[in-house]
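Following: one structure in C-alpha cells, then a few remarks.
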Amino acid sequence: MRKTMDQGPNFSETPHQSVSFDDGLTLDCGRHLNRLTVAYRTYGTLNAARSNAILICHALTGDQYVAETQPVTGKPGWWGAVVGLERPVDTGRYFVVCANVLGGCMGSTGPRSPHDERPGEPWGVDFPPVTIADMVRAQKRLVDHLGIEKLFAVIGGSMGGMQALAWAALYPAQVFAAVPVAAAAYHSAQNIAFHEIGRQAIAADPSFHGGRYWAEGVTPARGLAVARMTAHITYVSEAALTRKFGRKLQGASDLLIGDRFEVESYLEHQGSSFVRRFDANSYLTITRAMDLFDLAADHDGSLAAAFTGTRTRFLLVSFSSDWLFPTAQSRAIAKALNHVAANVSFVEIMSDKGHDAFLLDEPDFHRTLSGFLAGCAEHAGLGA
Amino acid sequence: MNFTQPVRFVAKNMRVDLALIAGMVAPHSRVLDIGCGDGTLIDHLFRTKQCDARGIEIDMAEVTRAVTHGLPVMQGDADSDLVNYPDAAFDYVILSRTLQAVEQPREVLRQMLRISTFAIVSFPNFGHWSLRLQLLFSGKMPMTRAWHRMWYETPNIHPCTIRDFFALCEADGYKVEQWLAADEDGKKAPWRKFASLANFFGEQGLFLLRKV
C-alpha cells in the first residue's frame with residue numbers, strides 16, 4: 001500500500017500544468033529517466049515570429065509560480081515585482097515561461113515522482129543525482145515543445161543564474177540575452193559547507209528514515225526546517241538582520257528565562273513555513289546539483305572556454321552585501337566573458353539586503369534589468 | 001566632499017568630444033570606450049554609425065545609468081581590466097579624458113593597442129598657456145575648467161602635455177594617424193601643423209594611434 005508522504009496541506013493533491021516526454025531524459029550521471037515531466041507556467045503572449053519568449057529560471061526553493069499566487073501556499077508569486085504587466089519583465093510585451101526544475105517538487109520529475117522501476121512508489125532518495133545542465137536540458141525540451149526556436153532572454157537569480165549561465169554555454173545560438181543575477185560560475189567551498197549542514201540536519205531527523213519517510217507516512221520536518229533556517233541566514237546580511245531585529249526581545253524587555261530574541265522566532269517561522277511547501281528529498285537533490293555546478297571544470301578549467309564565440313548579450317548583476325554569491329563571483333564571470341570579447345554589461349547594485357536582494361524591492365536592479373531588456377529588444381529587432 | 005575616499009573617476013561632459021571622436025571612427029566597427037561615463041558616446045556610435053560599441057566605467061552609478069539606458073557597459077578599471085580582453089578584439093578602443101587619471105598610462109596604452117587596431121586618446125593638455133602662466137606667476141598648482149580639483153584630491157594623477165604625448169608615442173612605436181588640439185568646447189584649434197603652438201593654445205589633445 002502506498003501511503004501519502006504529505007503531512008503538509010494539499011501538497012501532492014495540487015495539480016500543476018505540465019508536459020510529459022515519453023522518451024525521457026539522459027542525465028549527466030549517465031542514467032536515463034524513462035519519463036520526463038516538466039511543470040511550467042506561462043504569462044503573456046508569444047508573438048507570431050515566436051521571438052519574444054523569456055525563460056525565467058527559479059532558485060533552490062523557488063518554483064514555476066513566478067508571477068501569480070502559489071497554489072500550495074496561497075502566497076504571491078516569488079518574483080511578482082520583476083515579472084508582470086509593466087514590470088521590468090513586461091508580460092504585455094514578452095512571453096514569459098517558468099518551469100519547475102528537474103528534481104523539484106512542484107510537478108516536474110523529481111524525488112516525489114513515480115519510480116521508473118517501481119511505479120507504485122516515489123523515487124525518494126533513489127532519484128538519480130542531477131546537475132544544473134540536466135535542469136537546463138529539461139527546460140530545453142519544454143521550450144522546444146512550446147515551438148520556441150530561440151529565447152529572447154534567459155533570466156535567473158542564484159541557482160536560476162547558474163541555469164542562465166548553463167543555457168548560454170549549452171545553447172548559445174538559442175539565447176539572445178542571458179541575465180545571471182546574484183550568481184556564480186561554481187559553488188564555493190563555503191556554499192557547499194552550508195548546504196552540507198542542511199543535508200546533515202535532514203539526515204539526522206528521526207523521521208527521515210533513510211529517505212524513505214514517505215513509506216512511514218511522516219516527513220523530516222524538523223531537519224528540513226533547520227536546513228532552511230541555516231540557509232536563510234546565508235541569504236541575508238548582518239546589516240539587514242540588525243536593522244530588522246537587532247537584539248530585540250519578543251514580549252519582554254529583559255532577557256528572562258523563556259524569552260526569545262525576535263530573530264529566533266523569525267528563523268523558526270522561516271523553517272516551519274518552508275516544510276509545508278517543500279520535499280526533503282527534493283531539497284537534497286537540488287542542493288547537490290548546485291554543489292556540483294562548476295562551469296569552468298566542464299571546459300578544462302577555463303570559464304572563458306564555456307563561452308567561446310558566443311553572440312549572446314549578457315547582463316551580470318550582483319548585490320554589494322551578498323556574501324553567499326559575492327560580487328567577486330560575478331566579476332570573475334565578466335572577466336571570462338571579456339576573454340572571448342562577449343557583449344557584457346555588469347552592475348553591482350548597492351544594497352544591504354544580502355543575497356535575498358534579488359527577490360526584494362531594489363529599484364536600481366529593476367531599472368537596470370528593464371533598460372537592458374529594452375536595449376536588447378532594439379538589437380533583436382523586437383518592436384516596442 | 002569626502003576626503004577619505006580618493007576620487008577615481010573623471011566627471012566629463014561628453015558632448016564636447018563627441019563629434020570629434022566619432023569623426024575618427026569608421027561605421028560598423030567594433031568599439032570599446034574605456035571610462036565611458038553614462039555611455040553617451042557608445043550610444044551615439046551605435047545610433048549614427050551602427051557600431052558594435054561597448055563600454056567600461058569605474059564609477060558604478062554611471063554604469064547603472066548606462067545599462068538602464070540599454071547600453072552594454074560593465075564596471076571595470078582601465079588599469080587592471082584591459083588584460084582580460086583577447087588580442088585584436090576591437091577596431092577602436094577609446095580613452096577619452098581618462099589617460100591622465102589612470103595609474104599606469106603607458107601600460108594602458110600598450111594594452112589598448114594590443115586589443116584593438118586603433119586607439120583614440122584624448123586628454124586635457126597640461127601645456128596650455130593658462131596653466132603655464134598660473135604656475136609661473138602664482139607658484140601654485142593651476143586651476144582651470146579642465147583642472148578644477150585641488151592637487152590633493154584630483155583624480156588626474158598623470159598630467160601630460162601634447163608634446164609629452166608625442167614623445168611617448170615615438171618611444172613606444174605608435175604611429176599618430178591623426179591628431180588635433182581643441183578647446184574645452186570641442187572646437188578644433190587651428191594649429192594643426194605646429195605641435196608646439198597646439199601645445200600652447202590647445203586645451204585638450206586628441207590622437208588616433210596605431211601600432212607601427
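We name chains A, B, ... following the order of the C-alpha cells; residues begin at 1 in each chain, and ligands are numbered from 1 as shown.
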
Range 269-280 of chain A environment, 8 Å, only C-alpha atoms, sequence neighbours closer than 6 positions dropped, as a PDB file with N, CA and C atoms, in the first residue's frame:
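Result file part-v6.pdb:
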```pdb
ATOM      1  N   GLN A   7       2.517  15.392   5.164  1.00  0.00           N
ATOM      2  CA  GLN A   7       1.852  15.865   6.363  1.00  0.00           C
ATOM      3  C   GLN A   7       1.393  17.293   6.151  1.00  0.00           C
ATOM      4  N   GLY A   8       2.086  17.962   5.270  1.00  0.00           N
ATOM      5  CA  GLY A   8       1.705  19.336   4.967  1.00  0.00           C
ATOM      6  C   GLY A   8       0.389  19.364   4.209  1.00  0.00           C
ATOM      7  N   PRO A   9      -0.216  20.523   4.116  1.00  0.00           N
ATOM      8  CA  PRO A   9      -1.517  20.637   3.473  1.00  0.00           C
ATOM      9  C   PRO A   9      -1.423  20.502   1.953  1.00  0.00           C
ATOM     10  N   PHE A  11      -0.399  19.022  -0.616  1.00  0.00           N
ATOM     11  CA  PHE A  11       0.886  19.061  -1.305  1.00  0.00           C
ATOM     12  C   PHE A  11       0.780  18.313  -2.644  1.00  0.00           C
ATOM     13  N   THR A  61      14.725  27.052  -3.828  1.00  0.00           N
ATOM     14  CA  THR A  61      13.426  26.722  -3.249  1.00  0.00           C
ATOM     15  C   THR A  61      12.286  27.436  -3.964  1.00  0.00           C
ATOM     16  N   VAL A  72      -0.022  26.148  -3.548  1.00  0.00           N
ATOM     17  CA  VAL A  72       0.160  25.377  -2.310  1.00  0.00           C
ATOM     18  C   VAL A  72       0.153  26.299  -1.092  1.00  0.00           C
ATOM     19  N   THR A  73       0.856  27.412  -1.211  1.00  0.00           N
ATOM     20  CA  THR A  73       0.990  28.297  -0.049  1.00  0.00           C
ATOM     21  C   THR A  73      -0.036  29.425  -0.039  1.00  0.00           C
ATOM     22  N   CYS A 105       9.786  19.760  -6.641  1.00  0.00           N
ATOM     23  CA  CYS A 105       8.633  19.099  -6.020  1.00  0.00           C
ATOM     24  C   CYS A 105       7.334  19.850  -6.299  1.00  0.00           C
ATOM     25  N   ARG A 112       9.753  13.007  -5.799  1.00  0.00           N
ATOM     26  CA  ARG A 112       8.368  12.680  -5.477  1.00  0.00           C
ATOM     27  C   ARG A 112       7.647  11.974  -6.618  1.00  0.00           C
ATOM     28  N   ILE A 202      18.753  17.247   7.949  1.00  0.00           N
ATOM     29  CA  ILE A 202      17.657  16.414   7.431  1.00  0.00           C
ATOM     30  C   ILE A 202      17.919  14.945   7.742  1.00  0.00           C
ATOM     31  N   THR A 219       7.230  13.170   7.607  1.00  0.00           N
ATOM     32  CA  THR A 219       8.243  13.971   6.919  1.00  0.00           C
ATOM     33  C   THR A 219       9.289  14.408   7.936  1.00  0.00           C
ATOM     34  N   PRO A 220      10.533  14.521   7.500  1.00  0.00           N
ATOM     35  CA  PRO A 220      11.578  15.011   8.414  1.00  0.00           C
ATOM     36  C   PRO A 220      11.467  16.521   8.564  1.00  0.00           C
ATOM     37  N   ALA A 221      10.343  16.946   9.111  1.00  0.00           N
ATOM     38  CA  ALA A 221      10.032  18.378   9.128  1.00  0.00           C
ATOM     39  C   ALA A 221      11.043  19.170   9.959  1.00  0.00           C
ATOM     40  N   LEU A 224      14.360  19.448   8.019  1.00  0.00           N
ATOM     41  CA  LEU A 224      14.208  20.338   6.867  1.00  0.00           C
ATOM     42  C   LEU A 224      14.092  21.793   7.328  1.00  0.00           C
ATOM     43  N   ALA A 225      13.408  21.984   8.469  1.00  0.00           N
ATOM     44  CA  ALA A 225      13.278  23.349   8.996  1.00  0.00           C
ATOM     45  C   ALA A 225      14.642  23.907   9.407  1.00  0.00           C
ATOM     46  N   VAL A 226      15.465  23.071  10.054  1.00  0.00           N
ATOM     47  CA  VAL A 226      16.801  23.534  10.453  1.00  0.00           C
ATOM     48  C   VAL A 226      17.641  23.837   9.210  1.00  0.00           C
ATOM     49  N   ALA A 227      17.501  22.993   8.181  1.00  0.00           N
ATOM     50  CA  ALA A 227      18.221  23.244   6.922  1.00  0.00           C
ATOM     51  C   ALA A 227      17.837  24.604   6.367  1.00  0.00           C
ATOM     52  N   ARG A 228      16.543  24.893   6.385  1.00  0.00           N
ATOM     53  CA  ARG A 228      16.057  26.164   5.864  1.00  0.00           C
ATOM     54  C   ARG A 228      16.549  27.332   6.714  1.00  0.00           C
ATOM     55  N   MET A 229      16.528  27.136   8.030  1.00  0.00           N
ATOM     56  CA  MET A 229      16.976  28.211   8.924  1.00  0.00           C
ATOM     57  C   MET A 229      18.449  28.552   8.660  1.00  0.00           C
ATOM     58  N   HIS A 232      18.752  30.234   5.379  1.00  0.00           N
ATOM     59  CA  HIS A 232      18.180  31.577   5.378  1.00  0.00           C
ATOM     60  C   HIS A 232      19.182  32.615   5.904  1.00  0.00           C
TER      61      HIS A 232
END
```

List every residue of chain B that has an atom at most 12 Å from any atom of chain A, and for each one report the closest atom pair and its distance in Å to one decimal, counting only C-alpha atoms, with rows sorted by chain and then by increasing residue number, as a Markdown table.
```
| residue | atom | partner | partner_atom | distance |
| --- | --- | --- | --- | --- |
| B:Arg30 | CA | A:Ala341 | CA | 10.3 |
| B:Val31 | CA | A:Ala341 | CA | 11.1 |
| B:Leu32 | CA | A:Ala341 | CA | 10.3 |
| B:Gly39 | CA | A:Ser345 | CA | 11.8 |
| B:Asp43 | CA | A:Gly375 | CA | 10.4 |
| B:Phe46 | CA | A:His379 | CA | 10.2 |
| B:Arg47 | CA | A:Glu378 | CA | 11.1 |
| B:Gln50 | CA | A:His379 | CA | 10.6 |
| B:Cys51 | CA | A:His379 | CA | 11.6 |
| B:Asp52 | CA | A:Asn343 | CA | 9.0 |
| B:Ala53 | CA | A:Asn343 | CA | 9.2 |
| B:Arg54 | CA | A:Asn343 | CA | 7.4 |
| B:Gly55 | CA | A:Ser345 | CA | 8.5 |
| B:Ile56 | CA | A:Ser345 | CA | 8.7 |
| B:Glu57 | CA | A:Phe346 | CA | 10.1 |
| B:Ile58 | CA | A:Val347 | CA | 10.7 |
| B:Asp59 | CA | A:Val347 | CA | 10.3 |
| B:Met60 | CA | A:Val347 | CA | 7.0 |
| B:Ala61 | CA | A:Ile349 | CA | 9.0 |
| B:Glu62 | CA | A:Val347 | CA | 9.9 |
| B:Val63 | CA | A:Val347 | CA | 6.7 |
| B:Thr64 | CA | A:Val347 | CA | 6.2 |
| B:Arg65 | CA | A:Thr368 | CA | 7.8 |
| B:Ala66 | CA | A:Thr368 | CA | 8.6 |
| B:Val67 | CA | A:Thr368 | CA | 5.8 |
| B:Thr68 | CA | A:Gly371 | CA | 4.1 |
| B:His69 | CA | A:Gly371 | CA | 5.1 |
| B:Gly70 | CA | A:Gly375 | CA | 3.9 |
| B:Leu71 | CA | A:Gly375 | CA | 6.5 |
| B:Pro72 | CA | A:Ser345 | CA | 4.8 |
| B:Val73 | CA | A:Ser345 | CA | 4.7 |
| B:Met74 | CA | A:Phe346 | CA | 4.2 |
| B:Gln75 | CA | A:Phe346 | CA | 5.8 |
| B:Gly76 | CA | A:Phe346 | CA | 8.7 |
| B:Asp77 | CA | A:Lys335 | CA | 11.6 |
| B:Ser80 | CA | A:Lys335 | CA | 10.8 |
| B:Asp81 | CA | A:Lys335 | CA | 7.8 |
| B:Leu82 | CA | A:Asn338 | CA | 8.8 |
| B:Val83 | CA | A:His339 | CA | 8.6 |
| B:Asn84 | CA | A:His339 | CA | 5.3 |
| B:Tyr85 | CA | A:His339 | CA | 4.7 |
| B:Pro86 | CA | A:His339 | CA | 5.5 |
| B:Asp87 | CA | A:His339 | CA | 9.3 |
| B:Ala88 | CA | A:Ala341 | CA | 9.7 |
| B:Ala89 | CA | A:Ala341 | CA | 6.2 |
| B:Phe90 | CA | A:Ala341 | CA | 8.5 |
| B:Ile115 | CA | A:Ala341 | CA | 9.7 |
| B:Ser116 | CA | A:Ala341 | CA | 11.4 |
```

Neighbour list for range 55-58 of chain A as a PyMOL selection string, cut-off 10 Å, only C-alpha atoms, skip fewer than 2 positions in-chain: chain A and resi 42+53+60-66+78-79+83+89+94-101+135-136+139+143+151-164+175+178-180

Pick from B:Asp164, B:Glu170, B:Asp79, B:Asp185, whichever lies nearest to Asn125 in chain B using only C-alpha atoms: B:Asp164

In range 85-319 of chain A, DSSP helix (DSSP H, G or I) residues written as a VMD selection string: chain A and resid 124 to 126 132 to 145 159 to 170 172 to 174 189 to 204 206 to 211 213 to 216 221 to 235 238 to 244 262 to 275 280 to 292 297 to 299 304 to 307

Go ahead and write the residues just picked, C-alpha atoms, as a short mmCIF file (atom, residue, chain, number, x, y, z; two decimals), in the first residue's frame.
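What ended up in again-v4.cif:
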```cif
data_model
loop_
_atom_site.label_atom_id
_atom_site.label_comp_id
_atom_site.auth_asym_id
_atom_site.auth_seq_id
_atom_site.Cartn_x
_atom_site.Cartn_y
_atom_site.Cartn_z
CA GLY A 124 12.71 9.24 -2.93
CA VAL A 125 16.45 9.04 -2.26
CA ASP A 126 16.81 6.71 -5.26
CA ILE A 132 22.27 22.27 -13.40
CA ALA A 133 22.90 21.23 -17.02
CA ASP A 134 20.32 18.43 -16.65
CA MET A 135 17.82 21.00 -15.41
CA VAL A 136 18.58 23.15 -18.46
CA ARG A 137 18.17 20.19 -20.83
CA ALA A 138 14.76 19.50 -19.31
CA GLN A 139 13.82 23.17 -19.81
CA LYS A 140 15.06 22.95 -23.41
CA ARG A 141 12.56 20.13 -24.04
CA LEU A 142 9.78 22.40 -22.79
CA VAL A 143 10.98 25.36 -24.87
CA ASP A 144 11.09 23.12 -27.99
CA HIS A 145 7.62 21.81 -27.13
CA MET A 159 20.64 28.89 -8.79
CA GLY A 160 18.47 30.40 -11.52
CA GLY A 161 21.54 32.43 -12.52
CA MET A 162 23.56 29.22 -12.73
CA GLN A 163 20.92 27.92 -15.12
CA ALA A 164 21.07 31.11 -17.18
CA LEU A 165 24.85 30.64 -17.48
CA ALA A 166 24.42 26.98 -18.38
CA TRP A 167 21.83 27.90 -21.01
CA ALA A 168 24.26 30.35 -22.61
CA ALA A 169 27.05 27.76 -22.54
CA LEU A 170 24.98 24.79 -23.78
CA PRO A 172 24.49 29.76 -27.35
CA ALA A 173 22.57 30.05 -30.62
CA GLN A 174 19.23 29.73 -28.80
CA ALA A 189 33.56 25.54 -0.60
CA GLN A 190 31.71 27.84 1.80
CA ASN A 191 28.47 27.43 -0.15
CA ILE A 192 28.87 23.64 -0.18
CA ALA A 193 29.61 23.68 3.54
CA PHE A 194 26.37 25.49 4.37
CA HIS A 195 24.41 23.08 2.17
CA GLU A 196 26.03 20.16 3.94
CA ILE A 197 24.82 21.42 7.33
CA GLY A 198 21.30 21.44 5.91
CA ARG A 199 21.62 17.96 4.50
CA GLN A 200 23.05 16.64 7.76
CA ALA A 201 20.16 18.20 9.69
CA ILE A 202 17.66 16.41 7.43
CA ALA A 203 19.50 13.10 7.69
CA ALA A 204 19.68 13.41 11.49
CA PRO A 206 14.48 10.53 13.19
CA SER A 207 11.59 10.95 10.76
CA PHE A 208 13.96 10.83 7.78
CA HIS A 209 14.07 7.02 7.77
CA GLY A 210 16.98 6.94 5.36
CA GLY A 211 14.96 8.97 2.89
CA TYR A 213 9.91 8.78 5.12
CA TRP A 214 7.12 8.66 2.58
CA ALA A 215 6.71 4.94 3.35
CA GLU A 216 6.24 5.77 7.03
CA ALA A 221 10.03 18.38 9.13
CA ARG A 222 12.39 19.30 11.96
CA GLY A 223 15.51 18.55 9.95
CA LEU A 224 14.21 20.34 6.87
CA ALA A 225 13.28 23.35 9.00
CA VAL A 226 16.80 23.53 10.45
CA ALA A 227 18.22 23.24 6.92
CA ARG A 228 16.06 26.16 5.86
CA MET A 229 16.98 28.21 8.92
CA THR A 230 20.69 27.73 8.26
CA ALA A 231 20.30 28.55 4.60
CA HIS A 232 18.18 31.58 5.38
CA ILE A 233 20.98 33.14 7.42
CA THR A 234 23.17 32.92 4.33
CA TYR A 235 20.54 34.75 2.28
CA GLU A 238 24.35 41.04 9.02
CA ALA A 239 23.22 44.62 8.43
CA ALA A 240 19.74 43.51 7.35
CA LEU A 241 19.34 41.25 10.38
CA THR A 242 20.46 44.06 12.67
CA ARG A 243 18.12 46.53 11.03
CA LYS A 244 15.15 44.17 11.25
CA GLU A 262 12.97 38.24 17.72
CA VAL A 263 15.50 36.87 15.27
CA GLU A 264 14.96 33.41 16.76
CA SER A 265 11.22 33.38 16.19
CA TYR A 266 11.76 34.83 12.73
CA LEU A 267 14.03 31.93 11.83
CA GLU A 268 11.60 29.49 13.40
CA HIS A 269 8.87 30.89 11.16
CA GLN A 270 11.12 30.63 8.09
CA GLY A 271 11.75 26.97 8.87
CA SER A 272 8.20 25.91 9.70
CA SER A 273 6.58 27.64 6.72
CA PHE A 274 9.14 26.06 4.41
CA VAL A 275 8.42 22.44 5.37
CA ALA A 280 13.15 16.97 1.89
CA ASN A 281 14.45 14.62 -0.82
CA SER A 282 13.99 17.38 -3.38
CA TYR A 283 16.00 19.67 -1.13
CA LEU A 284 18.80 17.08 -1.00
CA THR A 285 18.72 16.62 -4.79
CA ILE A 286 18.72 20.30 -5.69
CA THR A 287 21.33 21.43 -3.15
CA ARG A 288 23.59 18.70 -4.56
CA ALA A 289 23.01 19.93 -8.10
CA MET A 290 24.14 23.39 -7.01
CA ASP A 291 27.21 21.97 -5.26
CA LEU A 292 28.16 20.07 -8.42
CA ALA A 297 35.52 22.43 -14.82
CA ASP A 298 33.27 21.31 -17.68
CA HIS A 299 35.61 23.17 -20.06
CA ALA A 304 36.11 31.60 -20.91
CA ALA A 305 36.12 28.40 -22.98
CA ALA A 306 32.50 27.81 -21.94
CA PHE A 307 31.56 30.92 -23.91
#
```

DSSP strand (DSSP E or B) selection over range 10-206 of chain B, as number ranges by chain: B: 30-34, 52-57, 73-75, 90-96, 116-125, 160, 174-182, 188, 204-206

Just write the chosen residues, C-alpha atoms, as an mmCIF file, in the first residue's frame.
```
data_model
loop_
_atom_site.group_PDB
_atom_site.id
_atom_site.type_symbol
_atom_site.label_atom_id
_atom_site.label_comp_id
_atom_site.auth_asym_id
_atom_site.auth_seq_id
_atom_site.Cartn_x
_atom_site.Cartn_y
_atom_site.Cartn_z
ATOM 1 C CA ARG B 30 33.800 47.232 -33.067
ATOM 2 C CA VAL B 31 34.443 49.839 -30.391
ATOM 3 C CA LEU B 32 35.355 49.771 -26.710
ATOM 4 C CA ASP B 33 35.029 53.045 -24.799
ATOM 5 C CA ILE B 34 37.137 52.991 -21.652
ATOM 6 C CA ASP B 52 29.093 47.433 -32.018
ATOM 7 C CA ALA B 53 30.079 49.800 -29.209
ATOM 8 C CA ARG B 54 30.619 48.797 -25.592
ATOM 9 C CA GLY B 55 31.992 50.495 -22.538
ATOM 10 C CA ILE B 56 33.757 50.025 -19.259
ATOM 11 C CA GLU B 57 33.443 52.549 -16.463
ATOM 12 C CA VAL B 73 28.582 48.770 -20.114
ATOM 13 C CA MET B 74 30.416 46.946 -17.363
ATOM 14 C CA GLN B 75 32.054 48.154 -14.215
ATOM 15 C CA PHE B 90 38.160 45.672 -31.353
ATOM 16 C CA ASP B 91 38.726 48.051 -34.235
ATOM 17 C CA TYR B 92 38.839 51.108 -31.958
ATOM 18 C CA VAL B 93 39.476 51.492 -28.260
ATOM 19 C CA ILE B 94 38.685 54.955 -26.937
ATOM 20 C CA LEU B 95 40.170 56.583 -23.873
ATOM 21 C CA SER B 96 38.558 59.976 -23.577
ATOM 22 C CA SER B 116 42.477 46.982 -30.812
ATOM 23 C CA THR B 117 43.732 48.064 -34.218
ATOM 24 C CA PHE B 118 43.344 51.765 -33.391
ATOM 25 C CA ALA B 119 43.462 53.705 -30.154
ATOM 26 C CA ILE B 120 41.731 57.061 -29.768
ATOM 27 C CA VAL B 121 43.075 59.062 -26.876
ATOM 28 C CA SER B 122 42.077 62.476 -25.628
ATOM 29 C CA PHE B 123 43.409 64.290 -22.602
ATOM 30 C CA PRO B 124 43.446 67.776 -21.124
ATOM 31 C CA ASN B 125 46.672 69.473 -22.178
ATOM 32 C CA CYS B 160 50.869 65.458 -19.560
ATOM 33 C CA TYR B 174 52.879 54.152 -32.066
ATOM 34 C CA LYS B 175 52.023 55.834 -35.335
ATOM 35 C CA VAL B 176 49.975 59.021 -34.941
ATOM 36 C CA GLU B 177 47.427 58.616 -37.718
ATOM 37 C CA GLN B 178 45.571 61.821 -36.832
ATOM 38 C CA TRP B 179 45.847 64.410 -34.118
ATOM 39 C CA LEU B 180 44.348 67.716 -33.245
ATOM 40 C CA ALA B 181 44.137 70.213 -30.468
ATOM 41 C CA ALA B 182 40.810 71.587 -29.346
ATOM 42 C CA LYS B 188 39.212 72.442 -33.277
ATOM 43 C CA GLN B 204 42.959 69.288 -24.992
ATOM 44 C CA GLY B 205 44.698 66.912 -27.358
ATOM 45 C CA LEU B 206 43.017 64.198 -29.389
#
```
